[in-house]
Every structure is written in structure tokens, then in C-alpha cells.
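J.: Structure file upload_36.cif, mmCIF, C-alpha atoms, is pasted below:
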data_entry
#
loop_
_atom_site.group_PDB
_atom_site.id
_atom_site.type_symbol
_atom_site.label_atom_id
_atom_site.label_comp_id
_atom_site.auth_asym_id
_atom_site.auth_seq_id
_atom_site.Cartn_x
_atom_site.Cartn_y
_atom_site.Cartn_z
ATOM 1 C CA MET A 1 -23.121 23.575 6.426
ATOM 2 C CA ASN A 2 -22.902 20.009 7.655
ATOM 3 C CA ARG A 3 -25.146 18.818 4.852
ATOM 4 C CA GLN A 4 -21.953 18.670 2.798
ATOM 5 C CA TRP A 5 -20.370 16.028 5.032
ATOM 6 C CA ARG A 6 -20.943 12.302 4.657
ATOM 7 C CA ALA A 7 -20.090 10.237 7.675
ATOM 8 C CA PHE A 8 -19.236 6.633 6.981
ATOM 9 C CA GLU A 9 -18.581 3.572 9.054
ATOM 10 C CA SER A 10 -15.572 1.414 8.387
ATOM 11 C CA PHE A 11 -14.905 -1.982 9.834
ATOM 12 C CA HIS A 12 -13.191 -1.862 13.186
ATOM 13 C CA SER A 13 -11.920 -5.148 14.512
ATOM 14 C CA PRO A 14 -11.777 -5.829 18.244
ATOM 15 C CA LEU A 15 -8.171 -6.771 17.467
ATOM 16 C CA ASP A 16 -7.310 -3.410 15.871
ATOM 17 C CA PRO A 17 -4.400 -1.784 17.696
ATOM 18 C CA CYS A 18 -5.736 1.794 17.904
ATOM 19 C CA PRO A 19 -9.124 3.136 19.129
ATOM 20 C CA PRO A 20 -11.552 3.927 16.272
ATOM 21 C CA ARG A 21 -11.672 7.366 14.655
ATOM 22 C CA PRO A 22 -14.902 8.917 13.255
ATOM 23 C CA LYS A 23 -14.725 9.063 9.476
ATOM 24 C CA ALA A 24 -16.344 11.457 7.024
ATOM 25 C CA TYR A 25 -15.724 13.021 3.652
ATOM 26 C CA ILE A 26 -17.032 16.222 2.120
ATOM 27 C CA VAL A 27 -19.066 16.593 -1.089
ATOM 28 C CA PRO A 28 -18.765 20.214 -2.243
ATOM 29 C CA PRO A 29 -21.901 21.764 -3.786
ATOM 30 C CA ASN A 30 -20.413 22.043 -7.308
ATOM 31 C CA GLN A 31 -21.010 18.280 -7.595
ATOM 32 C CA TYR A 32 -24.753 18.914 -7.879
ATOM 33 C CA TYR A 33 -24.576 21.259 -10.879
ATOM 34 C CA VAL A 34 -23.931 20.274 -14.453
ATOM 35 C CA MET A 35 -24.086 23.894 -15.567
ATOM 36 C CA GLN A 36 -24.610 26.745 -13.166
ATOM 37 C CA PRO A 37 -28.138 28.195 -13.516
ATOM 38 C CA LYS A 38 -28.639 31.914 -13.930
ATOM 39 C CA GLY A 39 -30.094 34.058 -11.199
ATOM 40 C CA LEU A 40 -28.706 32.328 -8.139
ATOM 41 C CA ARG A 41 -28.751 34.268 -4.906
ATOM 42 C CA GLN A 42 -25.663 36.400 -4.396
ATOM 43 C CA TYR A 43 -23.590 37.571 -1.464
ATOM 44 C CA ALA A 44 -22.881 41.251 -1.027
ATOM 45 C CA PRO A 45 -19.652 42.086 -2.923
ATOM 46 C CA ARG A 46 -17.497 42.434 0.193
ATOM 47 C CA GLU A 47 -18.849 39.168 1.618
ATOM 48 C CA ALA A 48 -18.245 37.419 -1.720
ATOM 49 C CA LEU A 49 -14.621 38.581 -1.782
ATOM 50 C CA ARG A 50 -14.069 37.127 1.643
ATOM 51 C CA ARG A 51 -15.769 33.794 0.916
ATOM 52 C CA GLY A 52 -14.200 33.184 -2.477
ATOM 53 C CA THR A 53 -17.525 32.911 -4.283
ATOM 54 C CA LEU A 54 -20.373 35.216 -5.233
ATOM 55 C CA TRP A 55 -22.969 32.498 -4.701
ATOM 56 C CA PRO A 56 -24.066 31.001 -1.357
ATOM 57 C CA ASP A 57 -25.136 27.854 -3.190
ATOM 58 C CA LEU A 58 -21.519 27.208 -4.192
ATOM 59 C CA TYR A 59 -20.000 28.066 -0.836
ATOM 60 C CA SER A 60 -18.210 25.177 0.828
ATOM 61 C CA PRO A 61 -16.750 25.844 4.247
ATOM 62 C CA TYR A 62 -14.298 23.260 5.481
ATOM 63 C CA GLU A 63 -15.304 22.821 9.084
ATOM 64 C CA ARG A 64 -15.210 19.250 10.238
ATOM 65 C CA PRO A 65 -18.645 18.376 11.619
ATOM 66 C CA PHE A 66 -17.109 16.512 14.536
ATOM 67 C CA ARG A 67 -14.109 16.874 16.742
ATOM 68 C CA GLU A 68 -11.476 14.170 16.809
ATOM 69 C CA GLY A 69 -12.480 11.592 19.348
ATOM 70 C CA VAL A 70 -16.160 12.618 19.336
ATOM 71 C CA SER A 71 -18.395 10.313 17.328
ATOM 72 C CA HIS A 72 -20.374 11.835 14.468
ATOM 73 C CA GLY A 73 -23.498 13.613 15.697
ATOM 74 C CA ALA A 74 -22.495 13.551 19.358
ATOM 75 C CA ASP A 75 -21.552 17.223 19.309
ATOM 76 C CA GLY A 76 -24.741 18.363 17.590
ATOM 77 C CA SER A 77 -23.541 17.996 14.003
ATOM 78 C CA MET B 1 -6.246 -14.788 -15.427
ATOM 79 C CA TRP B 2 -6.313 -15.018 -11.695
ATOM 80 C CA ILE B 3 -8.694 -16.376 -9.110
ATOM 81 C CA TYR B 4 -8.886 -14.231 -5.990
ATOM 82 C CA GLU B 5 -9.271 -15.801 -2.594
ATOM 83 C CA LYS B 6 -10.601 -13.234 -0.165
ATOM 84 C CA LYS B 7 -8.268 -13.950 2.691
ATOM 85 C CA LEU B 8 -4.659 -13.220 3.473
ATOM 86 C CA GLN B 9 -1.916 -15.734 2.750
ATOM 87 C CA TYR B 10 -0.916 -15.566 6.415
ATOM 88 C CA PRO B 11 -2.896 -13.874 9.219
ATOM 89 C CA VAL B 12 -1.868 -10.322 10.065
ATOM 90 C CA ARG B 13 -2.228 -9.313 13.704
ATOM 91 C CA VAL B 14 -1.243 -5.850 14.886
ATOM 92 C CA SER B 15 -1.226 -5.525 18.672
ATOM 93 C CA LYS B 16 0.524 -2.227 19.306
ATOM 94 C CA CYS B 17 -0.848 1.188 18.320
ATOM 95 C CA ASP B 18 2.337 2.399 16.652
ATOM 96 C CA PRO B 19 1.659 4.491 13.510
ATOM 97 C CA ARG B 20 5.383 5.179 13.155
ATOM 98 C CA LEU B 21 5.982 1.545 12.210
ATOM 99 C CA ALA B 22 3.746 2.078 9.156
ATOM 100 C CA LYS B 23 6.259 4.644 7.902
ATOM 101 C CA TYR B 24 8.915 1.931 7.905
ATOM 102 C CA LEU B 25 6.736 -0.919 6.631
ATOM 103 C CA ILE B 26 5.836 1.098 3.522
ATOM 104 C CA GLU B 27 9.367 0.301 2.300
ATOM 105 C CA GLN B 28 8.108 -3.195 1.465
ATOM 106 C CA TYR B 29 5.020 -1.710 -0.222
ATOM 107 C CA GLY B 30 6.501 0.798 -2.666
ATOM 108 C CA GLY B 31 10.255 0.459 -2.198
ATOM 109 C CA ALA B 32 12.849 -0.737 -4.696
ATOM 110 C CA ASP B 33 12.979 -4.214 -3.148
ATOM 111 C CA GLY B 34 9.329 -4.241 -2.095
ATOM 112 C CA GLU B 35 6.521 -6.603 -2.959
ATOM 113 C CA LEU B 36 5.070 -4.447 -5.743
ATOM 114 C CA ALA B 37 8.419 -4.334 -7.540
ATOM 115 C CA ALA B 38 8.841 -8.081 -7.030
ATOM 116 C CA ALA B 39 5.406 -9.007 -8.380
ATOM 117 C CA LEU B 40 5.685 -6.762 -11.426
ATOM 118 C CA ARG B 41 9.275 -7.859 -12.128
ATOM 119 C CA TYR B 42 8.494 -11.586 -12.243
ATOM 120 C CA LEU B 43 5.144 -11.318 -13.989
ATOM 121 C CA ASN B 44 6.791 -9.225 -16.697
ATOM 122 C CA GLN B 45 9.980 -11.238 -17.176
ATOM 123 C CA ARG B 46 8.055 -14.482 -17.573
ATOM 124 C CA TYR B 47 6.984 -13.762 -21.180
ATOM 125 C CA SER B 48 10.438 -14.040 -22.661
ATOM 126 C CA ILE B 49 11.916 -16.659 -20.328
ATOM 127 C CA PRO B 50 12.188 -20.318 -21.526
ATOM 128 C CA ASP B 51 8.975 -22.315 -21.079
ATOM 129 C CA ARG B 52 10.463 -24.514 -18.373
ATOM 130 C CA VAL B 53 10.594 -21.665 -15.854
ATOM 131 C CA ILE B 54 7.594 -19.507 -16.894
ATOM 132 C CA GLY B 55 5.381 -21.264 -14.373
ATOM 133 C CA LEU B 56 7.821 -20.536 -11.585
ATOM 134 C CA LEU B 57 7.799 -16.801 -12.337
ATOM 135 C CA THR B 58 3.997 -16.824 -12.568
ATOM 136 C CA ASP B 59 3.627 -18.594 -9.238
ATOM 137 C CA ILE B 60 6.133 -16.464 -7.346
ATOM 138 C CA GLY B 61 4.921 -13.222 -8.947
ATOM 139 C CA THR B 62 1.391 -14.101 -7.865
ATOM 140 C CA GLU B 63 2.518 -14.875 -4.336
ATOM 141 C CA GLU B 64 4.238 -11.485 -4.163
ATOM 142 C CA PHE B 65 0.828 -9.843 -4.620
ATOM 143 C CA ALA B 66 -0.416 -11.889 -1.671
ATOM 144 C CA HIS B 67 2.501 -10.490 0.316
ATOM 145 C CA LEU B 68 1.692 -6.984 -0.918
ATOM 146 C CA GLU B 69 -1.787 -7.123 0.585
ATOM 147 C CA MET B 70 -0.380 -8.408 3.877
ATOM 148 C CA ILE B 71 1.893 -5.352 4.054
ATOM 149 C CA ALA B 72 -1.025 -3.121 3.050
ATOM 150 C CA THR B 73 -3.112 -4.630 5.861
ATOM 151 C CA MET B 74 -0.401 -3.877 8.416
ATOM 152 C CA VAL B 75 0.034 -0.287 7.221
ATOM 153 C CA TYR B 76 -3.708 0.288 7.129
ATOM 154 C CA LYS B 77 -4.319 -1.134 10.599
ATOM 155 C CA LEU B 78 -1.535 1.042 12.017
ATOM 156 C CA THR B 79 -2.737 4.297 10.434
ATOM 157 C CA LYS B 80 -6.490 4.120 9.855
ATOM 158 C CA ASP B 81 -7.473 5.415 13.286
ATOM 159 C CA ALA B 82 -4.666 7.915 13.758
ATOM 160 C CA THR B 83 -5.577 11.607 13.931
ATOM 161 C CA PRO B 84 -3.575 14.116 11.875
ATOM 162 C CA GLU B 85 -1.793 15.080 15.114
ATOM 163 C CA GLN B 86 -0.810 11.477 15.797
ATOM 164 C CA LEU B 87 0.380 11.019 12.215
ATOM 165 C CA LYS B 88 2.478 14.154 12.517
ATOM 166 C CA ALA B 89 4.018 12.856 15.725
ATOM 167 C CA ALA B 90 4.810 9.578 13.950
ATOM 168 C CA GLY B 91 6.684 11.340 11.149
ATOM 169 C CA LEU B 92 3.800 10.820 8.725
ATOM 170 C CA GLY B 93 2.793 14.494 8.413
ATOM 171 C CA GLU B 94 4.298 14.651 4.922
ATOM 172 C CA HIS B 95 2.351 11.559 3.907
ATOM 173 C CA PHE B 96 -0.883 12.975 5.299
ATOM 174 C CA ALA B 97 -0.368 16.253 3.407
ATOM 175 C CA ASP B 98 -0.450 14.365 0.105
ATOM 176 C CA HIS B 99 -2.493 11.241 0.809
ATOM 177 C CA ASP B 100 -4.671 11.648 3.932
ATOM 178 C CA HIS B 101 -5.067 8.094 5.261
ATOM 179 C CA ALA B 102 -4.615 6.501 1.826
ATOM 180 C CA LEU B 103 -1.760 4.129 1.132
ATOM 181 C CA ALA B 104 0.709 5.173 -1.541
ATOM 182 C CA TYR B 105 3.382 3.316 -3.454
ATOM 183 C CA HIS B 106 6.472 4.977 -2.082
ATOM 184 C CA ASN B 107 9.365 3.901 0.084
ATOM 185 C CA ALA B 108 10.042 4.699 3.732
ATOM 186 C CA ALA B 109 11.612 8.009 2.722
ATOM 187 C CA GLY B 110 8.587 9.002 0.610
ATOM 188 C CA VAL B 111 10.219 8.446 -2.803
ATOM 189 C CA PRO B 112 7.512 7.279 -5.219
ATOM 190 C CA TRP B 113 7.734 3.827 -6.780
ATOM 191 C CA THR B 114 9.214 3.806 -10.274
ATOM 192 C CA ALA B 115 9.460 1.194 -13.023
ATOM 193 C CA THR B 116 13.209 1.800 -13.054
ATOM 194 C CA TYR B 117 13.307 -0.409 -9.934
ATOM 195 C CA ILE B 118 12.665 -3.463 -12.115
ATOM 196 C CA GLN B 119 14.689 -4.809 -15.003
ATOM 197 C CA ALA B 120 13.920 -7.118 -17.888
ATOM 198 C CA LYS B 121 17.092 -7.853 -19.801
ATOM 199 C CA GLY B 122 15.664 -10.716 -21.841
ATOM 200 C CA ASP B 123 18.687 -12.868 -21.101
ATOM 201 C CA PRO B 124 17.341 -15.676 -18.899
ATOM 202 C CA ILE B 125 20.460 -16.036 -16.776
ATOM 203 C CA ALA B 126 20.730 -12.268 -16.242
ATOM 204 C CA ASP B 127 17.048 -11.975 -15.357
ATOM 205 C CA LEU B 128 17.108 -14.868 -12.903
ATOM 206 C CA TYR B 129 20.194 -13.494 -11.168
ATOM 207 C CA GLU B 130 18.376 -10.192 -10.747
ATOM 208 C CA ASP B 131 15.460 -12.112 -9.230
ATOM 209 C CA ILE B 132 17.763 -13.924 -6.802
ATOM 210 C CA ALA B 133 19.328 -10.615 -5.758
ATOM 211 C CA ALA B 134 15.869 -9.072 -5.312
ATOM 212 C CA GLU B 135 14.794 -11.900 -3.007
ATOM 213 C CA GLU B 136 17.910 -11.584 -0.857
ATOM 214 C CA LYS B 137 17.472 -7.801 -0.623
ATOM 215 C CA ALA B 138 13.812 -8.234 0.346
ATOM 216 C CA ARG B 139 14.869 -10.775 2.985
ATOM 217 C CA ALA B 140 17.333 -8.231 4.397
ATOM 218 C CA THR B 141 14.658 -5.514 4.423
ATOM 219 C CA TYR B 142 12.371 -7.799 6.421
ATOM 220 C CA GLN B 143 15.186 -8.345 8.908
ATOM 221 C CA TRP B 144 15.570 -4.586 9.449
ATOM 222 C CA LEU B 145 11.800 -4.215 9.832
ATOM 223 C CA ILE B 146 11.712 -7.002 12.437
ATOM 224 C CA ASP B 147 14.521 -5.173 14.238
ATOM 225 C CA LEU B 148 12.486 -1.930 14.196
ATOM 226 C CA THR B 149 9.462 -3.235 16.144
ATOM 227 C CA ASP B 150 8.789 -5.010 19.409
ATOM 228 C CA ASP B 151 5.219 -5.987 18.446
ATOM 229 C CA VAL B 152 5.518 -9.783 18.474
ATOM 230 C CA ASP B 153 2.422 -10.242 16.295
ATOM 231 C CA ILE B 154 3.806 -7.997 13.539
ATOM 232 C CA GLN B 155 7.169 -9.717 13.932
ATOM 233 C CA ASP B 156 5.455 -13.066 13.428
ATOM 234 C CA ALA B 157 3.964 -12.033 10.071
ATOM 235 C CA LEU B 158 7.235 -10.379 9.004
ATOM 236 C CA LYS B 159 9.150 -13.541 9.830
ATOM 237 C CA PHE B 160 6.770 -15.541 7.654
ATOM 238 C CA LEU B 161 7.349 -13.110 4.777
ATOM 239 C CA ARG B 162 11.116 -13.234 5.303
ATOM 240 C CA GLU B 163 11.053 -17.035 5.138
ATOM 241 C CA ARG B 164 9.183 -16.893 1.823
ATOM 242 C CA GLU B 165 11.983 -14.752 0.368
ATOM 243 C CA ILE B 166 14.469 -17.457 1.370
ATOM 244 C CA VAL B 167 12.421 -20.124 -0.392
ATOM 245 C CA HIS B 168 11.892 -17.981 -3.493
ATOM 246 C CA SER B 169 15.610 -17.321 -3.773
ATOM 247 C CA LEU B 170 16.344 -21.046 -3.787
ATOM 248 C CA ARG B 171 13.645 -21.685 -6.405
ATOM 249 C CA PHE B 172 15.198 -19.049 -8.675
ATOM 250 C CA ARG B 173 18.635 -20.579 -8.190
ATOM 251 C CA GLU B 174 17.163 -23.973 -9.108
ATOM 252 C CA ALA B 175 15.734 -22.343 -12.240
ATOM 253 C CA VAL B 176 19.256 -21.231 -13.185
ATOM 254 C CA GLU B 177 20.450 -24.831 -12.731
ATOM 255 C CA ILE B 178 17.619 -26.083 -14.958
ATOM 256 C CA LEU B 179 18.584 -23.619 -17.702
ATOM 257 C CA LYS B 180 22.294 -24.475 -17.482
ATOM 258 C CA GLU B 181 21.606 -28.046 -18.642
ATOM 259 C CA HIS B 182 24.169 -30.698 -19.478
ATOM 260 C CA GLN B 183 25.306 -30.979 -15.878
ATOM 261 C CA GLY B 184 26.173 -34.489 -14.714
ATOM 262 C CA GLN B 185 26.135 -35.637 -18.310
ATOM 263 C CA LYS B 186 28.989 -36.801 -20.452
ATOM 264 C CA ARG B 187 28.505 -35.063 -23.777
ATOM 265 C CA LEU B 188 30.862 -34.803 -26.690
ATOM 266 C CA PHE B 189 30.591 -31.777 -28.951
#
For this file, write the structure as C-alpha cells.
T.:
Amino acid sequence: MNRQWRAFESFHSPLDPCPPRPKAYIVPPNQYYVMQPKGLRQYAPREALRRGTLWPDLYSPYERPFREGVSHGADGS
Amino acid sequence: MWIYEKKLQYPVRVSKCDPRLAKYLIEQYGGADGELAAALRYLNQRYSIPDRVIGLLTDIGTEEFAHLEMIATMVYKLTKDATPEQLKAAGLGEHFADHDHALAYHNAAGVPWTATYIQAKGDPIADLYEDIAAEEKARATYQWLIDLTDDVDIQDALKFLREREIVHSLRFREAVEILKEHQGQKRLF
């Protein structure tokens, strides 16, 4: 799941007024397909309805891989 | 063509973690009398203005972009490390819903910047009077922003920007005098 997140550093000055915040953005799996190949693995119909896609390879949960105030990777992500 | 110098016109120090101030400062970023409107107004009007004052509009319009990135720096420093919760508490929940931590050209009330903020009448006197009015309104906006914060470092940069508006206004009024001509001369028509 967390393979979809990209953590990035941004400059933080010692003079910045607020404590730094971990930063990351998500790259959903559709970005890696030009055209969807045939025969991809499929969820069971009921599972697919719940997830919004029939294909696990296109599933993109939106769970932040870190909690606010915890640096990236410190909580096992 | 422009040459970019990778430093600010005047140093921007932000000492107090106060994301709410960013909500107010954005008025000078994407507001009607803000730096974006000023830069685009002057750099557009200069084409049709008499040659004697083109350079003035170019110089001041360019400086307004330098002011724009000072404001952007303040807004960014105040918001970049704020969590969504903190932004919500600072009245920036609406901004976060549309823009995350990105800056956007809108005023303090969230109204997007529009080209209707700037005029180009083509009449040199009319255009310069608009420019004078814009500088005085920007000066007033800086006064209200200084009144809204107790961060002396932000106040310092805002006072510098306010002073520049005062100087620009005088330069535009001098441009009007230049275009009036014939003053102090005895001419018979």
C-alpha cells in the first residue's frame, strides 16, 4: 500500500516559525499503465463493489503512511 | 527580457508560528490592490504610454514581482508546516480543501484574482492616475496588515513594502507632470 507514497524533503530553515511537517504525495497505480492489459487479477464481485475497482493492481487506498508529527518511516511505513 | 536574481529584494523573516496571518497576507498576493495586479497593470500599460515614461512602468512593474515573491515567501513560511487541523483552526480550511498547501491567487476572502482588477484605458493621464490610486490603496492595505500582526519581523518587511508604495506613487505623479509639459514656460499659441 505504501509503495504508492513518495516522501520528500523540503528545505526547513532554522529560522522557520513552525516545526517541520513530514511531506509526501501519492502516485496512484494508473500512472504506470498506458493501456490496461487484459487478464489482470480480479477481486471477487462484492469486494470489487466495495473498493471501487475490479482490479487489485488499480486499487489506490488513501491512507497516509505516517501520522502528523511522526517522521516518515518512524511508524513502520 | 528579464534577468532573475535568486534572492529577495528585502529579507523576509517570520518569527511567529501564526498560519492565520497567511490568510490575511494573501490579500496582497491575489487581491485587487495586490502585487500581482500591480505588476500586470504596469507591464501591460507601458506599451501604449509615451516613450518618456515606458521605462518607469517597466521598472516599477518589475519591482512589483519582487514584492510578489516576498509576500509568497511569508505566506509559504506561515503555512508550509501546518497540519490540516491547524489550517482549519486558522480559518484556512476552505483554502486547504481546494489547494492543499499550495498558494493561490485569491484575496483574503478567497475570491480568485481576475483581470477586471486592472485597467488599460490607453489615455496616458487616465492610466497614470489609476496607477497612483493603486499605489495608495496598496499602501493602505499594508497598513492594515501591519495592524493585524504583532510579529515584529513580518512588520519590518511589510513596512519596507509600504514605503515602496509611497515612492512609486510619487514617481507616477512625476510622470504625470512630465506628460503635462509646458509648465514654467511662457508659450504663445
J.: If we count all atoms listed in the file, what is near Gln143 (chain B) at a cut-off of 10 Å, once residues fewer than 5 positions away on the same chain are taken out, given as an MDAnalysis selection string?
T.: chainID B and resid 137:138 148 155 158:159 162
J.: Tell me, counting only C-alpha atoms, for each residue of chain B within 7 Å of chain A, which pair of atoms is nearest and how far apart they are in Å to one decimal, in rows ordered by chain and increasing number, as a tab-separated table.
T.:
residue	atom	partner	partner_atom	distance
B:Val14	CA	A:Pro17	CA	5.9
B:Ser15	CA	A:Pro17	CA	5.0
B:Lys16	CA	A:Pro17	CA	5.2
B:Cys17	CA	A:Pro17	CA	4.7
B:Lys77	CA	A:Asp16	CA	6.5
B:Leu78	CA	A:Pro17	CA	7.0
B:Asp81	CA	A:Arg21	CA	4.8
J.: If you keep C-alpha atoms, can you produce a file of those selected residues as a PDB file, in the frame of the given file?
T.:
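Ended up saving to out_23.pdb:
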ATOM      1  CA  VAL B  14      -1.243  -5.850  14.886  1.00  0.00           C
ATOM      2  CA  SER B  15      -1.226  -5.525  18.672  1.00  0.00           C
ATOM      3  CA  LYS B  16       0.524  -2.227  19.306  1.00  0.00           C
ATOM      4  CA  CYS B  17      -0.848   1.188  18.320  1.00  0.00           C
ATOM      5  CA  LYS B  77      -4.319  -1.134  10.599  1.00  0.00           C
ATOM      6  CA  LEU B  78      -1.535   1.042  12.017  1.00  0.00           C
ATOM      7  CA  ASP B  81      -7.473   5.415  13.286  1.00  0.00           C
TER       8      ASP B  81
END
J.: Would you be able to write out as a ChimeraX atom specification which residues have an atom within 12 Å of (-18.2, 20.4, 2.2) in the file's coordinates, counting all atoms listed in the file?
T.: /A:1-7,24-31,57-65
J.: For Asn44 (chain B), list every protein, DNA or RNA residue within 9 Å, evaluated using all atoms listed in the file, and leave out those in the same chain fewer than 5 positions away; present the list as a PyMOL selection string.
T.: chain B and resi 39+57+61+120
J.: CA of Thr116 (chain B) and CA of Gly91 (chain B), how far apart in Å?
T.: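 Straight-line distance from CA of Gly91 (chain B) to CA of Thr116 (chain B) works out to 26.8 Å.
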J.: Might I get the box with edges along x, y and z of the file that holds all atoms of region 12-28 of chain A listed there, padded by 4 Å on every side, given as centre and edge lengths in Å to one decimal, as JSON?
T.:
{"center_x": -11.7, "center_y": 6.7, "center_z": 8.4, "size_x": 22.7, "size_y": 35.0, "size_z": 29.4}
J.: Need to verify the contact set: region 39-47 of chain A, 8 Å, all atoms listed in the file, exclusion of same-chain residues closer than 3 positions in sequence. Can you return it as a list in words?
T.: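 Listed by chain and then number, they are Arg50, Arg51, Leu54, Trp55, Pro56 and Asp57 of chain A.
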J.: Measuring atom to atom with all atoms listed in the file, identify which of B:Val53, B:Leu43, B:Leu68, B:Thr79 is nearest to Leu179 (chain B).
T.: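 Counting all atoms listed in the file, the residue closest to Leu179 (chain B) is B:Val53.
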J.: For Glu165 (chain B), list every protein, DNA or RNA residue within 8 Å, evaluated using all atoms listed in the file, and leave out those in the same chain fewer than 3 positions away; present the list as a PyMOL selection string.
T.: chain B and resi 135-136+138-139+161-162+168-169
J.: Between CA of Asp156 (chain B) and CA of Glu35 (chain B), what is the distance, to one decimal in Å?
T.: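 Taking CA of Asp156 (chain B) as the start and CA of Glu35 (chain B) as the end point, the length is 17.6 Å.
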J.: Please compute the CA of Lys88 (chain B)-CA of Ala37 (chain B) distance, one decimal, in Å.
T.: 27.9 Å
J.: Could you list, as number ranges by chain, every residue within 12 Å of Ile125 (chain B), counting all atoms listed in the file and ignoring same-chain residues fewer than 5 positions away?
T.: B: 45, 48-50, 53, 120, 130-132, 172-180
J.: Which is closest to Trp113 (chain B) among B:Tyr29, B:Tyr10, B:Tyr47, B:Tyr129, if we use only C-alpha atoms?
T.: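 Checking each of B:Tyr29, B:Tyr10, B:Tyr47, B:Tyr129 against Trp113 (chain B), counting only C-alpha atoms, the winner is B:Tyr29.
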J.: Is it possible to add N, CA, C and O atoms to region 7-18 of chain A and hand it back as a compact mmCIF listing (two decimals), keeping the file's coordinate frame?
T.:
# COMPACT_ATOMS: atom_id res chain seq x y z
N ALA A 7 -20.76 11.13 6.72
CA ALA A 7 -20.09 10.24 7.68
C ALA A 7 -20.17 8.81 7.16
O ALA A 7 -21.13 8.45 6.47
N PHE A 8 -19.15 8.04 7.37
CA PHE A 8 -19.24 6.63 6.98
C PHE A 8 -18.59 5.75 8.04
O PHE A 8 -17.69 6.17 8.76
N GLU A 9 -19.13 4.56 8.13
CA GLU A 9 -18.58 3.57 9.05
C GLU A 9 -17.52 2.78 8.31
O GLU A 9 -17.65 2.52 7.12
N SER A 10 -16.46 2.39 8.99
CA SER A 10 -15.57 1.41 8.39
C SER A 10 -15.30 0.34 9.43
O SER A 10 -15.35 0.62 10.63
N PHE A 11 -15.05 -0.83 8.93
CA PHE A 11 -14.90 -1.98 9.83
C PHE A 11 -13.85 -1.71 10.89
O PHE A 11 -12.74 -1.24 10.57
N HIS A 12 -14.18 -1.98 12.11
CA HIS A 12 -13.19 -1.86 13.19
C HIS A 12 -13.17 -3.17 13.95
O HIS A 12 -14.14 -3.55 14.58
N SER A 13 -12.04 -3.85 13.85
CA SER A 13 -11.92 -5.15 14.51
C SER A 13 -11.64 -4.96 15.99
O SER A 13 -10.94 -4.02 16.38
N PRO A 14 -12.15 -5.87 16.83
CA PRO A 14 -11.78 -5.83 18.24
C PRO A 14 -10.27 -6.02 18.42
O PRO A 14 -9.72 -5.69 19.47
N LEU A 15 -9.61 -6.54 17.38
CA LEU A 15 -8.17 -6.77 17.47
C LEU A 15 -7.37 -5.59 16.93
O LEU A 15 -6.14 -5.61 16.96
N ASP A 16 -8.05 -4.56 16.40
CA ASP A 16 -7.31 -3.41 15.87
C ASP A 16 -6.50 -2.74 16.98
O ASP A 16 -6.97 -2.63 18.11
N PRO A 17 -5.30 -2.28 16.64
CA PRO A 17 -4.40 -1.78 17.70
C PRO A 17 -4.80 -0.42 18.26
O PRO A 17 -4.49 -0.13 19.40
N CYS A 18 -5.44 0.43 17.45
CA CYS A 18 -5.74 1.79 17.90
C CYS A 18 -7.25 1.98 18.09
O CYS A 18 -8.03 1.31 17.42
